[in-house]
$ cat data.tsv   # TSV, C-alpha atoms (C1' of nucleotides)
chain	number	residue	atom	x	y	z
A	1	MET	CA	-7.66	-5.02	7.48
A	2	THR	CA	-8.91	-3.37	4.37
A	3	ASN	CA	-10.54	0.02	4.38
A	4	TRP	CA	-13.33	-0.79	1.93
A	5	LEU	CA	-15.20	1.92	0.09
A	6	SER	CA	-18.31	3.25	1.78
A	7	ASP	CA	-21.56	3.11	-0.16
A	8	ASP	CA	-21.20	6.72	-1.20
A	9	GLU	CA	-17.61	6.23	-2.25
A	10	GLN	CA	-18.48	3.10	-4.13
A	11	ARG	CA	-21.26	4.92	-5.89
A	12	ALA	CA	-18.91	7.76	-6.83
A	13	TRP	CA	-16.29	5.38	-8.15
A	14	ARG	CA	-18.83	3.42	-10.18
A	15	ALA	CA	-20.35	6.58	-11.59
A	16	TYR	CA	-16.91	7.86	-12.49
A	17	ARG	CA	-15.94	4.65	-14.26
A	18	ARG	CA	-19.19	4.42	-16.15
A	19	MET	CA	-19.14	8.07	-17.15
A	20	VAL	CA	-15.63	7.74	-18.51
A	21	LEU	CA	-16.50	4.58	-20.38
A	22	LEU	CA	-19.57	6.11	-21.99
A	23	VAL	CA	-18.16	9.53	-22.79
A	24	ASP	CA	-14.91	8.24	-24.17
A	25	SER	CA	-16.46	5.60	-26.33
A	26	ALA	CA	-19.14	7.91	-27.68
A	27	VAL	CA	-16.67	10.65	-28.52
A	28	ALA	CA	-14.25	8.19	-30.05
A	29	ARG	CA	-16.96	6.52	-32.09
A	30	GLU	CA	-18.21	9.79	-33.51
A	31	LEU	CA	-14.73	11.03	-34.26
A	32	ALA	CA	-13.99	7.86	-36.15
A	33	HIS	CA	-17.27	8.06	-38.01
A	34	ASP	CA	-17.13	11.77	-38.87
A	35	ALA	CA	-13.45	12.20	-39.57
A	36	GLY	CA	-11.86	8.79	-39.85
A	37	LEU	CA	-9.58	9.60	-36.93
A	38	SER	CA	-9.00	7.90	-33.60
A	39	MET	CA	-8.70	9.91	-30.41
A	40	PRO	CA	-4.95	9.36	-30.34
A	41	ASP	CA	-4.78	10.55	-33.94
A	42	TYR	CA	-6.71	13.66	-33.02
A	43	LEU	CA	-4.55	14.40	-30.02
A	44	VAL	CA	-1.34	14.12	-32.00
A	45	LEU	CA	-2.64	16.25	-34.85
A	46	SER	CA	-3.99	18.78	-32.43
A	47	ALA	CA	-0.72	19.03	-30.52
A	48	LEU	CA	1.17	19.50	-33.76
A	49	SER	CA	-1.29	22.11	-34.98
A	50	GLU	CA	-0.52	24.12	-31.86
A	51	ALA	CA	3.21	24.06	-32.52
A	52	ALA	CA	5.06	26.89	-34.16
A	53	ASP	CA	6.09	25.18	-37.39
A	54	HIS	CA	3.57	22.40	-37.10
A	55	ARG	CA	6.36	20.23	-35.83
A	56	ARG	CA	7.62	18.88	-32.53
A	57	ARG	CA	10.37	16.72	-31.24
A	58	LEU	CA	9.18	13.21	-30.41
A	59	THR	CA	10.25	13.38	-26.79
A	60	GLU	CA	8.80	16.81	-26.21
A	61	LEU	CA	5.49	15.65	-27.66
A	62	ALA	CA	5.50	12.48	-25.62
A	63	VAL	CA	6.10	14.38	-22.39
A	64	ARG	CA	3.45	16.93	-23.19
A	65	MET	CA	0.91	14.23	-23.96
A	66	GLN	CA	1.97	12.00	-21.10
A	67	TRP	CA	2.63	9.21	-23.53
A	68	SER	CA	5.48	6.78	-23.45
A	69	PRO	CA	8.12	7.45	-26.12
A	70	SER	CA	7.44	4.01	-27.46
A	71	ARG	CA	3.74	4.60	-27.80
A	72	LEU	CA	4.33	7.82	-29.65
A	73	SER	CA	6.86	6.25	-31.93
A	74	HIS	CA	4.49	3.43	-32.83
A	75	HIS	CA	1.64	5.81	-33.36
A	76	VAL	CA	3.64	8.20	-35.50
A	77	THR	CA	4.71	5.27	-37.64
A	78	ARG	CA	1.10	4.35	-38.26
A	79	MET	CA	0.07	7.94	-38.92
A	80	GLU	CA	3.00	8.32	-41.27
A	81	GLN	CA	1.64	5.45	-43.33
A	82	ARG	CA	-1.58	7.39	-43.71
A	83	SER	CA	0.30	10.55	-44.71
A	84	LEU	CA	-1.02	12.50	-41.72
A	85	VAL	CA	2.45	13.30	-40.43
A	86	THR	CA	6.07	12.90	-41.49
A	87	ARG	CA	9.31	12.46	-39.67
A	88	ALA	CA	12.12	14.91	-40.22
A	89	GLU	CA	15.68	14.87	-39.01
A	90	CYS	CA	16.98	17.30	-36.46
A	91	SER	CA	20.18	19.01	-37.50
A	92	GLU	CA	21.30	20.03	-34.00
A	93	ASP	CA	20.95	16.58	-32.49
A	94	LEU	CA	21.34	13.59	-34.73
A	95	ARG	CA	19.63	11.30	-32.26
A	96	ALA	CA	16.51	13.37	-32.33
A	97	ALA	CA	13.67	13.54	-34.82
A	98	TYR	CA	10.75	15.81	-35.57
A	99	VAL	CA	7.19	14.85	-36.27
A	100	VAL	CA	5.72	17.24	-38.80
A	101	LEU	CA	2.12	17.83	-39.75
A	102	THR	CA	1.57	17.20	-43.46
A	103	ASP	CA	-0.92	19.16	-45.54
A	104	THR	CA	-3.15	16.12	-45.41
A	105	GLY	CA	-2.90	16.06	-41.64
A	106	TRP	CA	-3.61	19.75	-41.40
A	107	GLU	CA	-6.71	19.44	-43.53
A	108	ALA	CA	-7.79	16.43	-41.54
A	109	ILE	CA	-7.62	18.18	-38.18
A	110	LYS	CA	-9.28	21.31	-39.50
A	111	ALA	CA	-12.12	19.25	-40.87
A	112	ALA	CA	-12.43	17.13	-37.74
A	113	ALA	CA	-12.40	19.82	-35.08
A	114	PRO	CA	-15.94	21.25	-35.35
A	115	ASP	CA	-17.65	17.86	-35.22
A	116	HIS	CA	-15.42	16.81	-32.40
A	117	VAL	CA	-16.26	19.86	-30.32
A	118	ARG	CA	-19.92	19.24	-31.03
A	119	SER	CA	-19.47	15.71	-29.80
A	120	VAL	CA	-17.75	16.78	-26.60
A	121	ARG	CA	-20.55	19.24	-25.96
A	122	ASP	CA	-23.26	16.69	-26.67
A	123	HIS	CA	-21.90	14.02	-24.39
A	124	LEU	CA	-20.40	16.01	-21.57
A	125	ILE	CA	-20.10	19.78	-21.50
A	126	ASP	CA	-23.63	20.75	-22.45
A	127	LEU	CA	-25.06	18.25	-20.00
A	128	LEU	CA	-23.65	20.22	-17.09
A	129	ASP	CA	-24.58	23.61	-15.70
A	130	GLU	CA	-22.09	26.28	-14.79
A	131	ASP	CA	-21.60	25.01	-11.24
A	132	GLU	CA	-21.04	21.49	-12.40
A	133	ILE	CA	-18.48	22.61	-14.95
A	134	ALA	CA	-16.70	24.42	-12.17
A	135	ALA	CA	-16.92	21.40	-9.88
A	136	LEU	CA	-15.58	19.08	-12.55
A	137	THR	CA	-12.70	21.44	-13.21
A	138	SER	CA	-11.87	21.75	-9.57
A	139	ILE	CA	-12.04	18.01	-8.95
A	140	GLY	CA	-9.97	17.30	-12.04
A	141	GLU	CA	-7.31	19.81	-11.18
A	142	LYS	CA	-7.13	18.62	-7.61
A	143	VAL	CA	-6.52	15.08	-8.78
A	144	ILE	CA	-4.02	16.23	-11.37
A	145	ALA	CA	-2.16	18.20	-8.73
A	146	HIS	CA	-1.86	15.07	-6.64
A	147	PHE	CA	0.18	13.50	-9.38
A	148	GLY	CA	2.67	16.32	-9.21
A	149	ALA	CA	3.96	19.09	-11.35
A	150	ASP	CA	5.05	16.75	-14.12
A	151	CYS	CA	1.48	16.02	-14.91
A	152	LEU	CA	0.15	19.49	-15.53
A	153	ASP	CA	-1.65	19.86	-18.77
A	154	ARG	CA	0.95	22.29	-19.93
A	155	PRO	CA	4.37	21.22	-18.77
A	156	VAL	CA	5.94	23.95	-20.85
A	157	PRO	CA	9.67	23.31	-21.07
A	158	ARG	CA	11.99	26.05	-19.92
A	159	ASP	CA	13.10	27.04	-23.40
A	160	ASP	CA	9.52	27.12	-24.57
A	161	VAL	CA	8.17	29.62	-22.09
A	162	GLY	CA	6.62	32.62	-23.67
A	163	ARG	CA	4.87	30.93	-26.52
A	164	ALA	CA	1.18	31.67	-26.42
A	165	ASP	CA	-0.40	29.22	-28.79
A	166	TYR	CA	-2.35	27.52	-26.07
A	167	ALA	CA	-4.55	30.46	-25.37
A	168	ALA	CA	-5.98	30.32	-28.82
A	169	GLN	CA	-8.64	27.71	-28.40
A	170	SER	CA	-11.87	29.59	-28.61
A	171	ALA	CA	-10.66	32.02	-31.22
A	172	ASN	CA	-10.52	30.77	-34.74
A	173	ARG	CA	-6.78	30.83	-35.07
A	174	SER	CA	-4.42	28.31	-36.47
A	175	PRO	CA	-3.97	25.91	-33.56
A	176	VAL	CA	-6.86	23.49	-33.44
A	177	SER	CA	-8.39	22.72	-30.10
A	178	SER	CA	-7.09	19.66	-28.41
A	179	SER	CA	-10.49	19.42	-26.81
B	1	MET	CA	-20.06	28.10	-37.66
B	2	THR	CA	-18.61	26.12	-34.83
B	3	ASN	CA	-19.59	26.71	-31.24
B	4	TRP	CA	-16.10	26.41	-29.78
B	5	LEU	CA	-15.56	25.69	-26.14
B	6	SER	CA	-15.29	28.69	-23.86
B	7	ASP	CA	-12.17	29.02	-21.74
B	8	ASP	CA	-13.95	27.53	-18.75
B	9	GLU	CA	-15.36	24.68	-20.76
B	10	GLN	CA	-12.01	24.00	-22.35
B	11	ARG	CA	-10.41	23.97	-18.94
B	12	ALA	CA	-13.02	21.53	-17.65
B	13	TRP	CA	-12.58	19.22	-20.61
B	14	ARG	CA	-8.81	19.25	-20.33
B	15	ALA	CA	-8.93	18.63	-16.60
B	16	TYR	CA	-11.35	15.78	-17.15
B	17	ARG	CA	-9.18	14.17	-19.81
B	18	ARG	CA	-6.02	14.52	-17.80
B	19	MET	CA	-7.62	13.26	-14.61
B	20	VAL	CA	-8.92	10.18	-16.37
B	21	LEU	CA	-5.58	9.52	-18.00
B	22	LEU	CA	-3.68	9.81	-14.74
B	23	VAL	CA	-6.10	7.96	-12.50
B	24	ASP	CA	-6.69	5.10	-14.89
B	25	SER	CA	-3.06	4.56	-15.67
B	26	ALA	CA	-1.96	4.76	-12.04
B	27	VAL	CA	-4.64	2.34	-10.88
B	28	ALA	CA	-3.95	-0.04	-13.76
B	29	ARG	CA	-0.21	0.08	-13.18
B	30	GLU	CA	-0.53	-0.70	-9.50
B	31	LEU	CA	-3.01	-3.49	-10.09
B	32	ALA	CA	-0.67	-5.08	-12.59
B	33	HIS	CA	2.27	-4.66	-10.24
B	34	ASP	CA	0.55	-5.85	-7.07
B	35	ALA	CA	-1.62	-8.62	-8.41
B	36	GLY	CA	-0.54	-9.38	-11.96
B	37	LEU	CA	-3.99	-8.47	-13.21
B	38	SER	CA	-5.18	-5.96	-15.78
B	39	MET	CA	-8.22	-3.80	-15.16
B	40	PRO	CA	-10.30	-5.90	-17.54
B	41	ASP	CA	-9.15	-9.02	-15.70
B	42	TYR	CA	-10.19	-7.49	-12.41
B	43	LEU	CA	-13.58	-6.44	-13.70
B	44	VAL	CA	-14.35	-9.89	-15.04
B	45	LEU	CA	-13.21	-11.63	-11.89
B	46	SER	CA	-15.11	-9.18	-9.75
B	47	ALA	CA	-18.32	-9.61	-11.73
B	48	LEU	CA	-18.02	-13.37	-11.45
B	49	SER	CA	-17.31	-13.19	-7.75
B	50	GLU	CA	-20.61	-11.36	-7.31
B	51	ALA	CA	-22.55	-14.08	-9.09
B	52	ALA	CA	-24.42	-16.82	-7.28
B	53	ASP	CA	-22.36	-19.81	-8.38
B	54	HIS	CA	-19.37	-17.79	-9.44
B	55	ARG	CA	-20.57	-18.17	-12.98
B	56	ARG	CA	-22.40	-16.12	-15.56
B	57	ARG	CA	-23.60	-16.46	-19.10
B	58	LEU	CA	-21.33	-14.69	-21.56
B	59	THR	CA	-24.04	-12.44	-22.94
B	60	GLU	CA	-25.37	-11.51	-19.54
B	61	LEU	CA	-21.88	-10.60	-18.43
B	62	ALA	CA	-21.19	-8.63	-21.58
B	63	VAL	CA	-24.38	-6.59	-21.18
B	64	ARG	CA	-23.73	-5.95	-17.53
B	65	MET	CA	-20.20	-4.78	-18.22
B	66	GLN	CA	-21.13	-2.89	-21.36
B	67	TRP	CA	-18.66	-4.93	-23.35
B	68	SER	CA	-19.11	-6.29	-26.82
B	69	PRO	CA	-19.67	-10.05	-26.91
B	70	SER	CA	-16.58	-10.33	-29.02
B	71	ARG	CA	-14.44	-8.48	-26.56
B	72	LEU	CA	-15.61	-10.65	-23.72
B	73	SER	CA	-15.06	-13.83	-25.68
B	74	HIS	CA	-11.52	-12.81	-26.54
B	75	HIS	CA	-10.78	-11.79	-23.01
B	76	VAL	CA	-12.22	-14.94	-21.51
B	77	THR	CA	-10.06	-16.96	-23.87
B	78	ARG	CA	-6.98	-15.17	-22.60
B	79	MET	CA	-8.02	-15.55	-19.00
B	80	GLU	CA	-8.77	-19.20	-19.56
B	81	GLN	CA	-5.19	-19.72	-20.67
B	82	ARG	CA	-4.07	-18.34	-17.34
B	83	SER	CA	-6.51	-20.60	-15.47
B	84	LEU	CA	-8.39	-17.68	-13.97
B	85	VAL	CA	-11.72	-18.78	-15.43
B	86	THR	CA	-13.20	-21.71	-17.34
B	87	ARG	CA	-15.97	-22.10	-19.83
B	88	ALA	CA	-18.84	-24.46	-19.09
B	89	GLU	CA	-21.72	-25.59	-21.23
B	90	CYS	CA	-25.27	-24.55	-20.53
B	91	SER	CA	-27.70	-27.43	-20.48
B	92	GLU	CA	-30.85	-25.38	-21.14
B	93	ASP	CA	-29.50	-23.58	-24.19
B	94	LEU	CA	-26.89	-25.29	-26.26
B	95	ARG	CA	-25.86	-22.06	-27.92
B	96	ALA	CA	-24.99	-20.52	-24.62
B	97	ALA	CA	-21.97	-20.90	-22.40
B	98	TYR	CA	-20.99	-20.02	-18.87
B	99	VAL	CA	-17.84	-18.40	-17.66
B	100	VAL	CA	-16.89	-19.83	-14.31
B	101	LEU	CA	-14.45	-18.55	-11.73
B	102	THR	CA	-11.76	-21.12	-11.00
B	103	ASP	CA	-10.16	-21.53	-7.60
B	104	THR	CA	-7.12	-19.77	-8.97
B	105	GLY	CA	-9.29	-16.90	-10.13
B	106	TRP	CA	-11.06	-16.72	-6.80
B	107	GLU	CA	-7.78	-16.57	-4.92
B	108	ALA	CA	-6.50	-13.97	-7.35
B	109	ILE	CA	-9.40	-11.59	-6.88
B	110	LYS	CA	-9.42	-12.02	-3.12
B	111	ALA	CA	-5.74	-11.21	-2.99
B	112	ALA	CA	-6.04	-8.30	-5.39
B	113	ALA	CA	-9.02	-6.46	-3.91
B	114	PRO	CA	-7.48	-4.77	-0.86
B	115	ASP	CA	-4.55	-3.28	-2.76
B	116	HIS	CA	-6.86	-2.21	-5.53
B	117	VAL	CA	-9.19	-0.39	-3.15
B	118	ARG	CA	-6.16	1.23	-1.56
B	119	SER	CA	-5.09	2.36	-4.99
B	120	VAL	CA	-8.49	3.82	-5.85
B	121	ARG	CA	-8.47	5.68	-2.56
B	122	ASP	CA	-4.95	6.98	-3.02
B	123	HIS	CA	-5.47	8.33	-6.49
B	124	LEU	CA	-9.05	9.50	-6.40
B	125	ILE	CA	-11.43	8.96	-3.52
B	126	ASP	CA	-9.29	10.13	-0.62
B	127	LEU	CA	-8.25	13.22	-2.54
B	128	LEU	CA	-11.80	14.52	-2.45
B	129	ASP	CA	-13.90	15.79	0.44
B	130	GLU	CA	-17.48	14.78	1.04
B	131	ASP	CA	-18.93	17.51	-1.15
B	132	GLU	CA	-16.65	16.65	-3.99
B	133	ILE	CA	-17.53	12.99	-3.79
B	134	ALA	CA	-21.18	14.00	-3.97
B	135	ALA	CA	-20.49	16.33	-6.90
B	136	LEU	CA	-18.59	13.67	-8.79
B	137	THR	CA	-21.40	11.19	-8.22
B	138	SER	CA	-24.02	13.64	-9.36
B	139	ILE	CA	-22.07	14.67	-12.46
B	140	GLY	CA	-21.34	11.07	-13.32
B	141	GLU	CA	-24.91	9.93	-12.91
B	142	LYS	CA	-26.21	12.86	-14.88
B	143	VAL	CA	-23.94	11.98	-17.78
B	144	ILE	CA	-24.82	8.32	-17.49
B	145	ALA	CA	-28.51	9.16	-17.55
B	146	HIS	CA	-27.99	11.04	-20.79
B	147	PHE	CA	-26.91	7.83	-22.43
B	148	GLY	CA	-30.18	6.19	-21.50
B	149	ALA	CA	-31.44	3.41	-19.34
B	150	ASP	CA	-29.37	0.79	-21.12
B	151	CYS	CA	-26.27	2.20	-19.61
B	152	LEU	CA	-27.09	2.06	-15.94
B	153	ASP	CA	-24.44	0.49	-13.83
B	154	ARG	CA	-26.74	-2.29	-12.87
B	155	PRO	CA	-28.97	-3.24	-15.76
B	156	VAL	CA	-30.28	-6.10	-13.71
B	157	PRO	CA	-32.14	-8.47	-16.02
B	158	ARG	CA	-35.76	-9.22	-15.16
B	159	ASP	CA	-35.08	-12.71	-13.98
B	160	ASP	CA	-32.27	-11.50	-11.80
B	161	VAL	CA	-34.20	-8.98	-9.78
B	162	GLY	CA	-34.10	-9.64	-6.11
B	163	ARG	CA	-30.54	-10.81	-5.83
B	164	ALA	CA	-28.70	-8.70	-3.34
B	165	ASP	CA	-25.05	-9.39	-3.97
B	166	TYR	CA	-24.35	-5.88	-5.06
B	167	ALA	CA	-25.10	-4.39	-1.70
B	168	ALA	CA	-22.30	-6.35	-0.20
B	169	GLN	CA	-19.39	-4.18	-1.13
B	170	SER	CA	-18.33	-2.66	2.11
B	171	ALA	CA	-19.00	-5.74	4.16
B	172	ASN	CA	-16.44	-8.48	4.02
B	173	ARG	CA	-18.64	-10.97	2.26
B	174	SER	CA	-17.99	-13.18	-0.68
B	175	PRO	CA	-18.49	-10.85	-3.63
B	176	VAL	CA	-15.40	-8.78	-4.17
B	177	SER	CA	-15.81	-5.12	-4.88
B	178	SER	CA	-15.85	-4.22	-8.51
B	179	SER	CA	-14.28	-0.95	-7.49
C	1	DG	C1'	40.50	11.24	-27.08
C	2	DA	C1'	38.69	6.90	-24.84
C	3	DA	C1'	35.42	5.25	-21.70
C	4	DC	C1'	31.40	5.90	-19.23
C	5	DG	C1'	26.65	6.84	-18.43
C	6	DT	C1'	22.59	9.38	-20.45
C	7	DT	C1'	19.36	10.67	-23.80
C	8	DT	C1'	16.64	9.75	-27.92
C	9	DG	C1'	14.17	6.72	-30.69
C	10	DA	C1'	13.01	2.29	-32.87
C	11	DT	C1'	11.55	-2.46	-32.59
C	12	DG	C1'	9.51	-7.17	-31.45
C	13	DA	C1'	6.52	-9.68	-28.66
C	14	DC	C1'	2.48	-9.65	-26.70
C	15	DA	C1'	-2.06	-7.88	-24.46
C	16	DC	C1'	-6.15	-5.46	-25.67
C	17	DG	C1'	-10.43	-3.99	-28.43
C	18	DT	C1'	-13.28	-3.47	-32.74
C	19	DC	C1'	-15.40	-4.87	-36.77
C	20	DA	C1'	-17.15	-8.08	-39.97
C	21	DA	C1'	-18.06	-12.69	-40.97
C	22	DT	C1'	-19.33	-17.26	-39.43
C	23	DA	C1'	-21.62	-21.26	-37.14
C	24	DA	C1'	-24.82	-23.33	-34.22
C	25	DT	C1'	-29.05	-23.26	-31.89
C	26	DT	C1'	-33.57	-21.57	-30.82
C	27	DC	C1'	-37.85	-19.22	-31.77
C	28	DC	C1'	-41.76	-18.31	-34.37
C	29	DA	C1'	-45.11	-18.06	-38.11
C	30	DT	C1'	-47.23	-20.47	-41.18
D	1	DA	C1'	-43.06	-29.65	-39.25
D	2	DT	C1'	-40.51	-26.53	-41.68
D	3	DG	C1'	-38.23	-22.37	-43.26
D	4	DG	C1'	-36.71	-17.88	-42.01
D	5	DA	C1'	-35.30	-14.62	-38.45
D	6	DA	C1'	-33.21	-13.78	-34.13
D	7	DT	C1'	-29.95	-15.14	-30.44
D	8	DT	C1'	-25.47	-16.78	-28.70
D	9	DA	C1'	-20.88	-17.25	-29.12
D	10	DT	C1'	-16.47	-17.66	-31.80
D	11	DT	C1'	-12.99	-16.35	-35.04
D	12	DG	C1'	-9.58	-13.67	-37.99
D	13	DA	C1'	-7.78	-9.43	-39.33
D	14	DC	C1'	-6.34	-5.34	-37.90
D	15	DG	C1'	-5.32	-1.05	-35.15
D	16	DT	C1'	-3.76	0.14	-30.68
D	17	DG	C1'	-0.80	0.22	-26.27
D	18	DT	C1'	2.84	-1.67	-23.00
D	19	DC	C1'	7.06	-3.53	-21.71
D	20	DA	C1'	11.66	-4.86	-22.32
D	21	DT	C1'	15.35	-4.38	-25.19
D	22	DC	C1'	18.34	-2.39	-28.42
D	23	DA	C1'	21.28	1.00	-31.07
D	24	DA	C1'	22.99	5.30	-32.04
D	25	DA	C1'	24.48	9.81	-30.74
D	26	DC	C1'	25.69	12.91	-27.12
D	27	DG	C1'	28.53	14.82	-23.20
D	28	DT	C1'	31.33	14.48	-19.49
D	29	DT	C1'	35.27	12.94	-17.06
D	30	DC	C1'	39.64	11.33	-16.67

$ encode --input "data.tsv" --output "structure tokens"
Amino acid sequence: MTNWLSDDEQRAWRAYRRMVLLVDSAVARELAHDAGLSMPDYLVLSALSEAADHRRRLTELAVRMQWSPSRLSHHVTRMEQRSLVTRAECSEDLRAAYVVLTDTGWEAIKAAAPDHVRSVRDHLIDLLDEDEIAALTSIGEKVIAHFGADCLDRPVPRDDVGRADYAAQSANRSPVSSS
Amino acid sequence: MTNWLSDDEQRAWRAYRRMVLLVDSAVARELAHDAGLSMPDYLVLSALSEAADHRRRLTELAVRMQWSPSRLSHHVTRMEQRSLVTRAECSEDLRAAYVVLTDTGWEAIKAAAPDHVRSVRDHLIDLLDEDEIAALTSIGEKVIAHFGADCLDRPVPRDDVGRADYAAQSANRSPVSSS
DNA sequence: GAACGTTTGATGACACGTCAATAATTCCAT
DNA sequence: ATGGAATTATTGACGTGTCATCAAACGTTC
């Protein structure tokens, strides 16, 4: 005996799906048009731009982004071919590898960020008032919490605690917003 | 001069992104595991199950789902190879074609729906109280409205007005929820 | 120090989605 | 009726993402 969705629940689910479809595709389309980057590209570049030496271990990056190692590896390969990032060996652990932001990649993310933020504002943030922003945050964080501690936005590894790069979004400092 | 996101806005955007990532991947994973269907598969089957003769014109379906014609054509081809749907000619317009639900497809969607609804409840709907459901709906519909009338969930074509299949979600009738 | 299981990444096969180009039919204006 | 534009659908090339599998290096245990 299935517990079907009520009309209100159905409506919420449909609105959610449609919103995500529209927002994501609009933001992605504009990012591609303005900067020649895909959303995944942007997220990788942004994560690297937040890192100390503009480099991260593949696994660390994959965990942080909630990507499969395989996905990241594939994507890094493709980005490498466009000179946005490079791989570098890790001297302490020969299995491991770094992904490093190239100058090209750094310029690309710096150039892309303002238009991207504009785009996010246009299609989501600026459409909502203060209460709605708060509601969205609270709903989002509630859902995220349900998936457990592994899924926090900032699963900062033990040995990484104390770094403060993340706070730097709205200031004009070196890390570029992963917005 | 870029209008960067404030801390609150940044937090909302990050929570939104992460929520979408987690919910979508969990629901998709469970659907694939339980029913051997992808989300796109489910959406196509569900849309067809809502149609009068379990069939729809390709273009009509593409518009309704907000998919590109190309995407739908590709996907239908793949689904056809798995015997979930078939193509049929349209006698009135020789350019046109129907996609038709096969018996296999019909059985597949009927079997998949309960688990899928369970999954949507587990990872989103049941996590939220009544107010939050209402807030999510209102936020979603506000955003959808921003994208214009073309993007309504139910861009019912003129000649289709009056059909009532959509109302039938929570009842146990023939159309299967597109949830 | 050899054997075992674990961690870290890479890879191939395949599903998915977009874009641009194509073909066939229909519609419409003359 | 005919020629040009619009509609409908398909296709190929390519970028993207997943899953299963593999290989190499590490670390621990005996």

$ residues_near_point --input "data.tsv" --point "(0.3, 21.7, -39.0)" --cutoff "12 Å" --atoms "all atoms listed in the file" --output "PyMOL selection string"
chain A and resi 44-56+84-86+99-110+174-176

$ residues_around --input "data.tsv" --residues "Leu136 of chain A" --least-positions-apart "3" --cutoff "10 Å" --atoms "all atoms listed in the file" --output "list in words"
Leu128, Glu130, Asp131, Glu132, Ile133, Ile139, Gly140, Glu141 and Lys142 of chain A; Glu9, Arg11, Ala12, Trp13, Ala15, Tyr16, Glu132, Ala135, Leu136, Ile139 and Gly140 of chain B

$ closest_atom_pairs --input "data.tsv" --of "chain D" --to "chain B" --cutoff "10 Å" --atoms "all atoms listed in the file" --output "CSV"
residue,atom,partner,partner_atom,distance
D:DT7,C1',B:Arg95,CA,8.4
D:DT8,C1',B:Arg95,CA,5.4
D:DA9,C1',B:Ala96,CA,6.9
D:DT10,C1',B:Ser73,CA,7.4
D:DT11,C1',B:Ser70,CA,9.2

$ residues_around --input "data.tsv" --residues "Thr2 of chain A" --least-positions-apart "5" --cutoff "9 Å" --atoms "only C-alpha atoms (C1' of nucleotides)" --output "list in words"
Ala113, Pro114, Asp115, Val117 and Arg118 of chain B

$ closest_residue --input "data.tsv" --among "A:Asp41, A:Asp7, A:Glu60, A:Asp122" --to "Ser83 of chain A" --atoms "only C-alpha atoms"
A:Asp41

$ closest_residue --input "data.tsv" --among "D:DC30, D:DA6, D:DA13, D:DA20" --to "DT11 of chain C" --atoms "only C-alpha atoms (C1' of nucleotides)"
D:DA20

$ atom_distance --input "data.tsv" --atom1 "atom CA of Glu80 of chain B" --atom2 "atom CA of Pro40 of chain B"
13.5 Å

$ atom_distance --input "data.tsv" --atom1 "atom CA of Gln81 of chain B" --atom2 "atom CA of Leu43 of chain B"
17.2 Å

$ atom_distance --input "data.tsv" --atom1 "atom CA of Ala134 of chain A" --atom2 "atom CA of Arg18 of chain A"
20.5 Å

$ closest_residue --input "data.tsv" --among "C:DC19, C:DA29, C:DC14, C:DC4" --to "DT29 of chain D" --atoms "only C-alpha atoms (C1' of nucleotides)"
C:DC4

$ interface_residues --input "data.tsv" --of "chain C" --to "chain B" --cutoff "10 Å" --atoms "all atoms listed in the file" --output "list in words"
DA15, DC16, DG17, DT18, DC19, DA24, DT25 and DT26 of chain C

$ build_atoms --input "data.tsv" --residues "segment 57-67 of chain A" --atoms "N, CA and C atoms" --output "PDB file, in the frame of the given file"
ATOM      1  N   ARG A  57       9.477  17.832 -31.527  1.00  0.00           N
ATOM      2  CA  ARG A  57      10.370  16.720 -31.240  1.00  0.00           C
ATOM      3  C   ARG A  57       9.541  15.587 -30.637  1.00  0.00           C
ATOM      4  N   LEU A  58       9.918  14.357 -30.925  1.00  0.00           N
ATOM      5  CA  LEU A  58       9.180  13.210 -30.410  1.00  0.00           C
ATOM      6  C   LEU A  58       9.106  13.216 -28.878  1.00  0.00           C
ATOM      7  N   THR A  59      10.238  13.405 -28.254  1.00  0.00           N
ATOM      8  CA  THR A  59      10.250  13.380 -26.790  1.00  0.00           C
ATOM      9  C   THR A  59       9.400  14.490 -26.187  1.00  0.00           C
ATOM     10  N   GLU A  60       9.568  15.680 -26.722  1.00  0.00           N
ATOM     11  CA  GLU A  60       8.800  16.810 -26.210  1.00  0.00           C
ATOM     12  C   GLU A  60       7.299  16.502 -26.304  1.00  0.00           C
ATOM     13  N   LEU A  61       6.897  15.966 -27.442  1.00  0.00           N
ATOM     14  CA  LEU A  61       5.490  15.650 -27.660  1.00  0.00           C
ATOM     15  C   LEU A  61       5.021  14.564 -26.699  1.00  0.00           C
ATOM     16  N   ALA A  62       5.860  13.574 -26.521  1.00  0.00           N
ATOM     17  CA  ALA A  62       5.500  12.480 -25.620  1.00  0.00           C
ATOM     18  C   ALA A  62       5.309  12.990 -24.196  1.00  0.00           C
ATOM     19  N   VAL A  63       6.211  13.830 -23.738  1.00  0.00           N
ATOM     20  CA  VAL A  63       6.100  14.380 -22.390  1.00  0.00           C
ATOM     21  C   VAL A  63       4.825  15.197 -22.259  1.00  0.00           C
ATOM     22  N   ARG A  64       4.620  16.064 -23.223  1.00  0.00           N
ATOM     23  CA  ARG A  64       3.450  16.930 -23.190  1.00  0.00           C
ATOM     24  C   ARG A  64       2.160  16.125 -23.135  1.00  0.00           C
ATOM     25  N   MET A  65       2.130  15.028 -23.891  1.00  0.00           N
ATOM     26  CA  MET A  65       0.910  14.230 -23.960  1.00  0.00           C
ATOM     27  C   MET A  65       0.847  13.159 -22.886  1.00  0.00           C
ATOM     28  N   GLN A  66       1.905  13.054 -22.112  1.00  0.00           N
ATOM     29  CA  GLN A  66       1.970  12.000 -21.100  1.00  0.00           C
ATOM     30  C   GLN A  66       1.907  10.620 -21.737  1.00  0.00           C
ATOM     31  N   TRP A  67       2.546  10.501 -22.863  1.00  0.00           N
ATOM     32  CA  TRP A  67       2.630   9.210 -23.530  1.00  0.00           C
ATOM     33  C   TRP A  67       4.032   8.655 -23.355  1.00  0.00           C
TER      34      TRP A  67
END
